[in-house]
file input-v7.cif (mmCIF, C-alpha atoms)
data_query
loop_
_atom_site.group_PDB
_atom_site.id
_atom_site.type_symbol
_atom_site.label_atom_id
_atom_site.label_comp_id
_atom_site.auth_asym_id
_atom_site.auth_seq_id
_atom_site.Cartn_x
_atom_site.Cartn_y
_atom_site.Cartn_z
ATOM 1 C CA MET A 10 62.329 179.235 66.769
ATOM 2 C CA LEU A 11 61.371 182.614 66.498
ATOM 3 C CA LEU A 12 63.086 185.490 65.298
ATOM 4 C CA SER A 13 66.499 184.918 64.108
ATOM 5 C CA GLU A 14 68.988 182.155 64.307
ATOM 6 C CA SER A 15 68.881 179.384 66.859
ATOM 7 C CA SER A 16 72.186 178.384 68.363
ATOM 8 C CA VAL A 17 73.320 175.742 70.800
ATOM 9 C CA ASN A 18 74.878 176.788 74.088
ATOM 10 C CA LEU A 19 77.646 174.863 75.811
ATOM 11 C CA GLU A 20 75.130 172.785 77.776
ATOM 12 C CA GLY A 21 73.488 171.703 74.521
ATOM 13 C CA GLY A 22 70.225 173.618 74.939
ATOM 14 C CA LEU A 23 68.407 175.421 72.181
ATOM 15 C CA LYS A 24 68.579 179.186 72.188
ATOM 16 C CA ILE A 25 66.135 181.425 70.335
ATOM 17 C CA ARG A 26 66.890 184.985 69.274
ATOM 18 C CA ILE A 27 64.157 187.580 69.005
ATOM 19 C CA ILE A 28 64.577 190.779 67.052
ATOM 20 C CA PHE A 29 62.613 193.357 69.049
ATOM 21 C CA ILE A 30 62.233 196.886 67.620
ATOM 22 C CA HIS A 31 60.320 199.628 69.436
ATOM 23 C CA VAL A 32 58.770 201.856 66.767
ATOM 24 C CA ASP A 33 56.731 205.004 66.320
ATOM 25 C CA TYR A 34 54.792 203.140 63.648
ATOM 26 C CA VAL A 35 54.889 200.067 61.422
ATOM 27 C CA TRP A 36 52.994 199.606 58.184
ATOM 28 C CA TYR A 37 52.860 196.694 55.742
ATOM 29 C CA TYR A 38 51.113 195.936 52.476
ATOM 30 C CA ILE A 39 50.788 192.410 51.058
ATOM 31 C CA LYS A 40 52.175 192.142 47.531
ATOM 32 C CA THR A 41 52.776 188.585 46.246
ATOM 33 C CA LYS A 42 51.607 185.157 47.377
ATOM 34 C CA THR A 43 54.043 182.254 47.827
ATOM 35 C CA LYS A 44 53.153 178.583 47.480
ATOM 36 C CA VAL A 45 52.828 178.256 51.290
ATOM 37 C CA ALA A 46 50.757 181.408 51.876
ATOM 38 C CA GLU A 47 47.949 181.324 54.391
ATOM 39 C CA SER A 48 44.601 182.801 53.368
ATOM 40 C CA ILE A 49 44.199 186.431 54.344
ATOM 41 C CA ALA A 50 41.438 188.777 55.380
ATOM 42 C CA VAL A 51 43.687 191.835 55.793
ATOM 43 C CA LYS A 52 45.836 192.997 52.876
ATOM 44 C CA LYS A 53 47.468 195.892 54.719
ATOM 45 C CA ASP A 54 47.793 196.937 58.315
ATOM 46 C CA TYR A 55 49.257 199.652 60.506
ATOM 47 C CA MET A 56 50.119 200.048 64.181
ATOM 48 C CA GLU A 57 51.515 202.993 66.158
ATOM 49 C CA GLU A 58 53.622 203.113 69.322
ATOM 50 C CA CYS A 59 54.392 199.400 69.350
ATOM 51 C CA VAL A 60 57.104 196.766 69.169
ATOM 52 C CA VAL A 61 57.762 194.837 65.964
ATOM 53 C CA LEU A 62 58.836 191.243 66.556
ATOM 54 C CA PHE A 63 60.644 189.801 63.548
ATOM 55 C CA CYS A 64 60.065 186.043 63.714
ATOM 56 C CA CYS A 65 61.354 182.922 62.028
ATOM 57 C CA ALA A 66 60.445 179.360 62.975
ATOM 58 C CA GLU A 67 63.284 176.894 62.488
ATOM 59 C CA LYS A 68 63.496 173.137 62.032
ATOM 60 C CA ILE A 69 64.639 172.603 65.631
ATOM 61 C CA ASP A 70 61.489 174.357 66.889
ATOM 62 C CA GLU A 71 59.399 171.481 65.549
ATOM 63 C CA ASP A 72 60.556 169.400 68.554
ATOM 64 C CA ASN A 73 58.625 171.469 71.094
ATOM 65 C CA PRO A 74 56.593 174.360 69.663
ATOM 66 C CA HIS A 75 54.669 174.778 72.927
ATOM 67 C CA ASN A 76 57.868 175.530 74.901
ATOM 68 C CA VAL A 77 59.038 177.870 72.158
ATOM 69 C CA ILE A 78 55.765 179.825 72.342
ATOM 70 C CA GLU A 79 55.657 179.999 76.152
ATOM 71 C CA ASN A 80 59.299 181.010 76.667
ATOM 72 C CA ALA A 81 59.211 183.595 73.885
ATOM 73 C CA THR A 82 55.979 185.026 75.329
ATOM 74 C CA LEU A 83 57.485 185.436 78.792
ATOM 75 C CA GLU A 84 60.634 187.093 77.458
ATOM 76 C CA VAL A 85 58.737 189.440 75.135
ATOM 77 C CA ILE A 86 56.436 190.515 77.976
ATOM 78 C CA ARG A 87 59.420 191.151 80.235
ATOM 79 C CA HIS A 88 60.856 193.568 77.677
ATOM 80 C CA LEU A 89 57.485 195.167 76.892
ATOM 81 C CA GLU A 90 57.107 196.000 80.582
ATOM 82 C CA MET A 91 60.529 197.685 80.606
ATOM 83 C CA ILE A 92 59.542 200.079 77.822
ATOM 84 C CA GLN A 93 55.967 200.365 79.079
ATOM 85 C CA THR A 94 54.078 199.343 75.970
ATOM 86 C CA LYS A 95 51.388 196.723 75.405
ATOM 87 C CA LYS A 96 51.261 196.685 71.602
ATOM 88 C CA VAL A 97 53.019 194.218 69.285
ATOM 89 C CA MET A 98 53.183 193.555 65.552
ATOM 90 C CA ILE A 99 54.407 190.022 64.772
ATOM 91 C CA TYR A 100 56.148 190.012 61.407
ATOM 92 C CA LEU A 101 57.444 186.806 59.833
ATOM 93 C CA TYR A 102 60.993 187.134 58.558
ATOM 94 C CA ALA A 103 62.174 183.807 57.144
ATOM 95 C CA HIS A 104 65.547 185.223 56.081
ATOM 96 C CA PHE A 105 67.072 184.737 59.548
ATOM 97 C CA THR A 106 67.917 181.089 58.935
ATOM 98 C CA ASN A 107 68.855 178.480 56.360
ATOM 99 C CA ASP A 108 66.977 175.826 58.336
ATOM 100 C CA LEU A 109 63.293 176.817 58.232
ATOM 101 C CA SER A 110 60.641 174.730 59.942
ATOM 102 C CA ASN A 111 57.811 173.306 57.895
ATOM 103 C CA PRO A 112 55.051 175.847 57.200
ATOM 104 C CA LYS A 113 52.541 174.102 59.481
ATOM 105 C CA THR A 114 54.845 174.421 62.517
ATOM 106 C CA ALA A 115 55.776 177.999 61.634
ATOM 107 C CA ILE A 116 52.118 179.028 61.510
ATOM 108 C CA GLU A 117 51.461 177.132 64.763
ATOM 109 C CA ILE A 118 54.271 179.018 66.514
ATOM 110 C CA LEU A 119 53.389 182.438 65.110
ATOM 111 C CA THR A 120 49.676 182.109 65.863
ATOM 112 C CA GLY A 121 50.527 180.551 69.228
ATOM 113 C CA LEU A 122 52.683 183.540 70.135
ATOM 114 C CA GLU A 123 49.915 185.862 68.936
ATOM 115 C CA HIS A 124 47.254 184.147 71.093
ATOM 116 C CA SER A 125 49.559 183.798 74.099
ATOM 117 C CA LEU A 126 50.335 187.530 74.091
ATOM 118 C CA LYS A 127 46.648 188.422 73.629
ATOM 119 C CA GLU A 128 45.746 186.228 76.621
ATOM 120 C CA ARG A 129 48.077 188.424 78.670
ATOM 121 C CA ASP A 130 46.307 191.642 77.590
ATOM 122 C CA ILE A 131 48.781 192.642 74.890
ATOM 123 C CA GLU A 132 47.298 194.211 71.745
ATOM 124 C CA VAL A 133 48.658 192.075 68.899
ATOM 125 C CA LYS A 134 48.545 192.183 65.127
ATOM 126 C CA ARG A 135 50.251 189.586 62.945
ATOM 127 C CA ALA A 136 51.290 189.972 59.337
ATOM 128 C CA ALA A 137 50.194 187.035 57.173
ATOM 129 C CA PHE A 138 52.468 184.025 56.690
ATOM 130 C CA GLY A 139 53.785 183.188 53.241
ATOM 131 C CA TRP A 140 53.376 186.526 51.485
ATOM 132 C CA TYR A 141 55.939 189.015 50.200
ATOM 133 C CA LYS A 142 55.185 192.343 51.815
ATOM 134 C CA GLU A 143 56.138 195.974 51.530
ATOM 135 C CA LEU A 144 57.237 197.217 54.962
ATOM 136 C CA GLU A 145 57.806 200.622 56.508
ATOM 137 C CA MET A 146 58.601 201.512 60.112
ATOM 138 C CA ARG A 147 60.402 204.122 62.198
ATOM 139 C CA SER A 148 62.474 203.002 65.177
ATOM 140 C CA LYS A 149 62.391 205.112 68.334
ATOM 141 C CA GLY A 150 66.182 205.134 68.752
ATOM 142 C CA HIS A 151 66.480 204.760 72.542
ATOM 143 C CA PRO A 152 68.791 202.179 74.205
ATOM 144 C CA ARG A 153 66.077 199.504 74.378
ATOM 145 C CA SER A 154 64.498 200.244 70.977
ATOM 146 C CA ASN A 155 66.552 197.660 69.036
ATOM 147 C CA LEU A 156 67.296 194.435 70.856
ATOM 148 C CA SER A 157 68.331 190.926 70.004
ATOM 149 C CA ILE A 158 66.982 188.711 72.767
ATOM 150 C CA THR A 159 68.359 185.199 73.144
ATOM 151 C CA VAL A 160 65.764 182.972 74.771
ATOM 152 C CA SER A 161 66.587 179.486 75.974
ATOM 153 C CA SER A 162 64.028 176.713 75.591
ATOM 154 C CA ASP A 163 64.836 175.860 79.214
ATOM 155 C CA ARG A 164 63.042 178.293 81.556
ATOM 156 C CA LYS A 165 65.692 177.781 84.255
ATOM 157 C CA GLN A 166 68.360 179.346 82.065
ATOM 158 C CA LYS A 167 68.663 183.156 82.072
ATOM 159 C CA SER A 168 68.017 184.952 78.780
ATOM 160 C CA ASP A 169 70.598 187.329 77.329
ATOM 161 C CA THR A 170 69.897 190.713 75.813
ATOM 162 C CA PHE A 171 72.143 192.390 73.267
ATOM 163 C CA CYS A 172 71.871 195.804 71.722
ATOM 164 C CA PRO A 173 73.104 195.628 68.132
ATOM 165 C CA PRO A 174 75.416 196.833 66.755
ATOM 166 C CA HIS A 175 77.169 197.123 70.135
ATOM 167 C CA PRO A 176 79.232 193.934 70.627
ATOM 168 C CA ASN A 177 78.830 193.809 74.410
ATOM 169 C CA GLN A 178 75.963 192.374 76.353
ATOM 170 C CA VAL A 179 73.451 194.861 77.714
ATOM 171 C CA GLU A 180 72.457 194.175 81.313
ATOM 172 C CA ILE A 181 68.846 195.157 81.949
ATOM 173 C CA GLN A 182 67.667 195.317 85.537
ATOM 174 C CA ASP A 183 64.362 196.856 86.561
ATOM 175 C CA GLN A 184 63.972 200.030 84.466
ATOM 176 C CA TYR A 185 67.673 200.723 83.832
ATOM 177 C CA VAL A 186 70.186 199.744 81.168
ATOM 178 C CA SER A 187 73.675 199.416 82.637
ATOM 179 C CA HIS A 188 75.396 199.707 79.259
ATOM 180 C CA SER A 189 73.796 201.912 76.627
ATOM 181 C CA CYS A 190 74.153 201.429 72.898
ATOM 182 C CA ARG A 191 76.388 203.932 71.110
#
call {"tool": "encode", "arguments": {"input": "input-v7.cif", "output": "structure tokens"}}
result
Amino acid sequence: MLLSESSVNLEGGLKIRIIFIHVDYVWYYIKTKTKVAESIAVKKDYMEECVVLFCCAEKIDEDNPHNVIENATLEVIRHLEMIQTKKVMIYLYAHFTNDLSNPKTAIEILTGLEHSLKERDIEVKRAAFGWYKELEMRSKGHPRSNLSITVSSDRKQKSDTFCPPHPNQVEIQDQYVSHSCR
């Protein structure tokens, strides 16, 4: 689903990666419509002191979009709590995969994630689906500011957190990172 490439673990379960970037600000401006673009009311938007979630719905996500939305929501909230923010910009980034879902499912997942986070008192903005956009942001640069989160579709399986470009897994427990990014 969301945000990067899906992969299959040894037990055969789907894994979803989320690109999570804590920023001082993010700004986008809609430029060009694609053939699958949703209608828009907002041509540009801005958010400060937030997390940008780069998202990409994949073909395999079509099997159970509800689980994808719920598990991604829980994992995103877990990480938001660690950095003590309640603001998110959801930004579609289809370039994470060669196996995109159909546009209807992608919009269902992105809007589902948006609504699910809002229901949990997170301030959420979502950039429009199917448009080329100009983008600007500034990352905060702390150990949890740039994460790749691998979320399993099975809630019983623990999620992994990595801090690119560091090749080792980052263990996050409570409010501490046991291996910082360098």
call {"tool": "atom_distance", "arguments": {"input": "input-v7.cif", "atom1": "atom CA of A:Glu84", "atom2": "atom CA of A:Val133"}}
result
15.5 Å
call {"tool": "closest_residue", "arguments": {"input": "input-v7.cif", "among": "A:Tyr37, A:Ala81, A:Ala66, A:Ile30", "to": "A:His104", "atoms": "all atoms listed in the file"}}
result
A:Ala66
call {"tool": "closest_residue", "arguments": {"input": "input-v7.cif", "among": "A:Lys134, A:Lys40, A:Arg87, A:Arg129", "to": "A:Leu62", "atoms": "only C-alpha atoms"}}
result
A:Lys134
call {"tool": "atom_distance", "arguments": {"input": "input-v7.cif", "atom1": "atom CA of A:Ala46", "atom2": "atom CA of A:Leu109"}}
result
14.8 Å
call {"tool": "closest_residue", "arguments": {"input": "input-v7.cif", "among": "A:Tyr100, A:Phe29, A:Tyr55, A:Tyr141", "to": "A:Val85", "atoms": "all atoms listed in the file"}}
result
A:Phe29
call {"tool": "resolve_selection", "arguments": {"input": "input-v7.cif", "expression": "the PyMOL selection byres ((chain A and resi 126) around 12)", "output": "MDAnalysis selection string"}}
result
chainID A and resid 62 78:87 89 95:99 119:125 127:135
call {"tool": "closest_residue", "arguments": {"input": "input-v7.cif", "among": "A:Met146, A:Val77, A:Ala115, A:Ala137", "to": "A:Asp33", "atoms": "all atoms listed in the file"}}
result
A:Met146
call {"tool": "atom_distance", "arguments": {"input": "input-v7.cif", "atom1": "atom CA of A:Trp36", "atom2": "atom CA of A:Pro74"}}
result
28.0 Å
call {"tool": "resolve_selection", "arguments": {"input": "input-v7.cif", "expression": "the PyMOL selection byres ((chain A and resi 110) around 10)", "output": "count of residues only"}}
result
19
call {"tool": "decode", "arguments": {"input": "input-v7.cif", "residues": "stretch 50-79 of chain A", "atoms": "N, CA and C atoms", "output": "short mmCIF file (atom, residue, chain, number, x, y, z; two decimals), in the first residue's frame"}}
result
data_model
loop_
_atom_site.label_atom_id
_atom_site.label_comp_id
_atom_site.auth_asym_id
_atom_site.auth_seq_id
_atom_site.Cartn_x
_atom_site.Cartn_y
_atom_site.Cartn_z
N ALA A 50 -10.32 21.51 -5.05
CA ALA A 50 -10.81 22.79 -4.55
C ALA A 50 -9.63 23.67 -4.14
N VAL A 51 -8.50 23.01 -3.80
CA VAL A 51 -7.31 23.71 -3.33
C VAL A 51 -6.18 23.49 -4.33
N LYS A 52 -5.66 24.58 -4.87
CA LYS A 52 -4.58 24.48 -5.86
C LYS A 52 -3.19 24.51 -5.21
N LYS A 53 -3.09 25.09 -4.03
CA LYS A 53 -1.83 25.09 -3.29
C LYS A 53 -2.15 25.01 -1.81
N ASP A 54 -1.17 24.48 -1.07
CA ASP A 54 -1.38 24.37 0.37
C ASP A 54 -0.04 24.39 1.08
N TYR A 55 -0.10 24.61 2.38
CA TYR A 55 1.08 24.81 3.20
C TYR A 55 0.78 24.29 4.60
N MET A 56 1.78 23.72 5.26
CA MET A 56 1.61 23.29 6.64
C MET A 56 2.97 23.42 7.33
N GLU A 57 2.95 23.87 8.58
CA GLU A 57 4.17 24.01 9.37
C GLU A 57 4.20 22.98 10.49
N GLU A 58 5.43 22.67 10.93
CA GLU A 58 5.64 21.79 12.08
C GLU A 58 4.78 20.53 11.96
N CYS A 59 5.06 19.73 10.95
CA CYS A 59 4.23 18.56 10.67
C CYS A 59 5.09 17.40 10.17
N VAL A 60 4.42 16.32 9.85
CA VAL A 60 5.05 15.16 9.22
C VAL A 60 4.46 15.02 7.83
N VAL A 61 5.34 14.82 6.84
CA VAL A 61 4.88 14.53 5.48
C VAL A 61 4.93 13.02 5.32
N LEU A 62 3.81 12.45 4.88
CA LEU A 62 3.73 11.02 4.59
C LEU A 62 3.69 10.85 3.07
N PHE A 63 4.75 10.33 2.50
CA PHE A 63 4.77 10.05 1.07
C PHE A 63 4.11 8.69 0.86
N CYS A 64 3.06 8.66 0.04
CA CYS A 64 2.20 7.48 -0.08
C CYS A 64 2.09 6.97 -1.50
N CYS A 65 1.95 5.66 -1.62
CA CYS A 65 1.74 5.05 -2.92
C CYS A 65 0.93 3.78 -2.73
N ALA A 66 -0.25 3.72 -3.31
CA ALA A 66 -1.08 2.52 -3.23
C ALA A 66 -0.66 1.56 -4.35
N GLU A 67 -0.49 0.29 -3.97
CA GLU A 67 -0.03 -0.71 -4.92
C GLU A 67 -1.12 -1.74 -5.22
N LYS A 68 -0.90 -2.48 -6.27
CA LYS A 68 -1.87 -3.49 -6.73
C LYS A 68 -2.28 -4.43 -5.60
N ILE A 69 -1.31 -4.89 -4.81
CA ILE A 69 -1.61 -5.83 -3.74
C ILE A 69 -2.52 -5.23 -2.67
N ASP A 70 -2.54 -3.93 -2.55
CA ASP A 70 -3.39 -3.25 -1.56
C ASP A 70 -4.87 -3.35 -1.91
N GLU A 71 -5.16 -3.66 -3.16
CA GLU A 71 -6.56 -3.78 -3.60
C GLU A 71 -7.26 -4.94 -2.89
N ASP A 72 -6.48 -5.92 -2.38
CA ASP A 72 -7.07 -7.08 -1.72
C ASP A 72 -7.76 -6.73 -0.40
N ASN A 73 -7.22 -5.76 0.33
CA ASN A 73 -7.81 -5.40 1.61
C ASN A 73 -7.47 -3.96 1.99
N PRO A 74 -8.07 -2.98 1.29
CA PRO A 74 -7.75 -1.59 1.59
C PRO A 74 -8.07 -1.18 3.01
N HIS A 75 -9.11 -1.77 3.61
CA HIS A 75 -9.47 -1.42 4.99
C HIS A 75 -8.33 -1.75 5.96
N ASN A 76 -7.75 -2.95 5.84
CA ASN A 76 -6.62 -3.33 6.70
C ASN A 76 -5.42 -2.43 6.47
N VAL A 77 -5.17 -2.09 5.22
CA VAL A 77 -4.06 -1.20 4.88
C VAL A 77 -4.24 0.14 5.60
N ILE A 78 -5.43 0.70 5.52
CA ILE A 78 -5.72 1.99 6.15
C ILE A 78 -5.55 1.90 7.67
N GLU A 79 -6.16 0.90 8.29
CA GLU A 79 -6.13 0.78 9.74
C GLU A 79 -4.71 0.56 10.27
#
